[in-house]
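What follows is a short report on a single structure.
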Amino acid sequence: NAGVTQTPKFQVLKTGQSMTLQCAQDMNHEYMSWYRQDPGMGLRLIHYSVGAGITDQGEVPNGYNVSRSTTEDFPLRLLSAAPSQTSVYFCASSYSIGGKRANYGYTFGSGTRLTVV
Amino acid sequence: AQSVTQLGSHVSVSEGALVLLRCNYSSSVPPYLFWYVQYPNQGLQLLLKYTTGATLVKGINGFEAEFKKSETSFHLTKPSAHMSDAAEYFCAGRNFGNEKLTFGTGTRLTIIP
């Protein structure tokens with residue numbers, strides 16, 4: 001199993017450009033989420049999804065869109081990049097609370113380091 | 001709502017010394033608690049977790065943590081530090097019935113040779 005795969009690993013954008021960060025998992029996890037990691041702030045939740053067709057906002061959703069058309073994929077879209085979105089982005093997945101192994105914790109991807117200039 | 005506080009953004013210990021990383025939680029219901037480790041330029045890896053049952057939890061790489069409800073704490077310890085333990089450590093928690101995981105701000109552990 002590949003686990004959680006994030007692409008690209010590195011990206012430089014100009015202010016105002018758009019892009020999509022890809023996240024895919026092959027563990028049949030119902031729950032998927034996006035976090036951003038900034039120095040001294042830990043990981044902050046951007047958006048999450050409890051299953052295909054269902055998404056919701058986290059702590060810092062502004063400037064980001066998500067969709068969940070399949071169980072496997074959960075892309076994160078930046079519509080108009082800003083320097084404040086310079087960060088490391090992590091995708092994570094887990095079984096849902098209602099699943100048999102809901103307490104197994106999250107599986108994380110290796111991250112996407114995004115710089116907006 | 002769940003919140004997690006890590007005391008000390010940087011901790012330095014000598015090789016072979018005790019490692020103690022502090023984590024406190026606030027919650028109105030018993031939480032699920034986790035410790036993750038992040039090595040440079042990598043993702044987060046689960047060290048250990050507390051869900052129910054035994055309050056002393058053993059994890060990978062010789063780490064363990066004890067859930068103390070009376071102190072609302074879940075401190076991470078390792079009896080003897082190794083150079084390979086240098087990394088950033090995150091405490092995280094979530095409430096039963098809620099998928100969302102809340103992270104502390106992290107503690108960077110430095111090992112002094």
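Identifiers in this document derive from the order of the structure tokens: chains are assigned A, B, ..., residues are numbered from 1 separately in each chain, and ligands are numbered from 1 in order of occurrence.
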Compile the residues of chain A that lie within 6 Å of chain B, evaluated using only C-alpha atoms, and express the compilation as an NGL selection string. :A and (40-43 or 97 or 108-111)
DSSP on the backbone: which residues in chain B end up as helix (DSSP H, G or I)? Give the answer as a list in words.
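Restricting chain B to helix (DSSP H, G or I) produces Ile60, Asn61, Gly62, Lys69, Ser70, Glu71, Met83, Ser84 and Asp85 of chain B.
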For segment 72-81 of chain B, find every residue with an atom within 9 Å (counting only C-alpha atoms), except residues of its own chain fewer than 2 positions away, and show them as a PyMOL selection string.
chain B and resi 13-27+33-35+50+61-70+83-86+91+111
- prompt: How many Å separate atom CA of Gly53 of chain B from atom CA of Thr5 of chain B?
  reply: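 We find that atom CA of Gly53 of chain B and atom CA of Thr5 of chain B lie 23.0 Å from each other.
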Val11 of chain B proximity check over B:Ala87, B:Val57, B:Val37, B:Leu47, using only C-alpha atoms: winner is B:Ala87
For Thr70 of chain A, work out the shell of residues within 10 Å, counting only C-alpha atoms and skipping chain neighbours fewer than 4 positions away, then give it as a PyMOL selection string.
chain A and resi 24+30+51-53+74
Put those residues in a file: N, CA and C atoms, as a PDB file, in the first residue's frame.
```pdb
ATOM      1  N   ALA A  24      -4.078  11.620  -2.502  1.00  0.00           N
ATOM      2  CA  ALA A  24      -4.745  10.353  -2.777  1.00  0.00           C
ATOM      3  C   ALA A  24      -4.355   9.329  -1.718  1.00  0.00           C
ATOM      4  N   GLU A  30     -12.476   6.726   5.134  1.00  0.00           N
ATOM      5  CA  GLU A  30     -13.605   7.617   4.865  1.00  0.00           C
ATOM      6  C   GLU A  30     -13.217   9.077   5.109  1.00  0.00           C
ATOM      7  N   GLY A  51     -16.538  11.756   3.937  1.00  0.00           N
ATOM      8  CA  GLY A  51     -16.875  10.761   2.933  1.00  0.00           C
ATOM      9  C   GLY A  51     -17.077  11.433   1.590  1.00  0.00           C
ATOM     10  N   ALA A  52     -17.172  10.627   0.555  1.00  0.00           N
ATOM     11  CA  ALA A  52     -17.359  11.167  -0.785  1.00  0.00           C
ATOM     12  C   ALA A  52     -18.600  12.045  -0.839  1.00  0.00           C
ATOM     13  N   GLY A  53     -18.443  13.231  -1.426  1.00  0.00           N
ATOM     14  CA  GLY A  53     -19.546  14.164  -1.573  1.00  0.00           C
ATOM     15  C   GLY A  53     -19.798  15.051  -0.377  1.00  0.00           C
ATOM     16  N   PHE A  74      -8.736  13.769  -2.590  1.00  0.00           N
ATOM     17  CA  PHE A  74      -9.203  14.949  -1.863  1.00  0.00           C
ATOM     18  C   PHE A  74      -8.296  16.123  -2.236  1.00  0.00           C
TER      19      PHE A  74
END
```
*asked:* Under the rule that only C-alpha atoms are counted, which of A:Ser69, A:Thr7, A:Gln17, A:Ser33 is the nearest residue to Asp56 of chain A?
replied: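 Of A:Ser69, A:Thr7, A:Gln17, A:Ser33, the one nearest Asp56 of chain A is A:Ser33, counting only C-alpha atoms.
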Practice task
Would you return as a VMD selection string the members of segment 2-113 of chain A that DSSP assigns to strand (DSSP E or B) on this structure's backbone?
Solution key: chain A and resid 4 to 7 10 to 13 19 to 25 31 to 38 42 to 51 54 to 57 64 to 66 73 76 to 78 87 to 94 107 to 108 112 to 113
When you count only C-alpha atoms, which of these residues is closest to Arg108 of chain B: B:Asn95, B:Glu88, B:Ile60, B:Tyr39?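 Nearest to Arg108 of chain B: B:Glu88.
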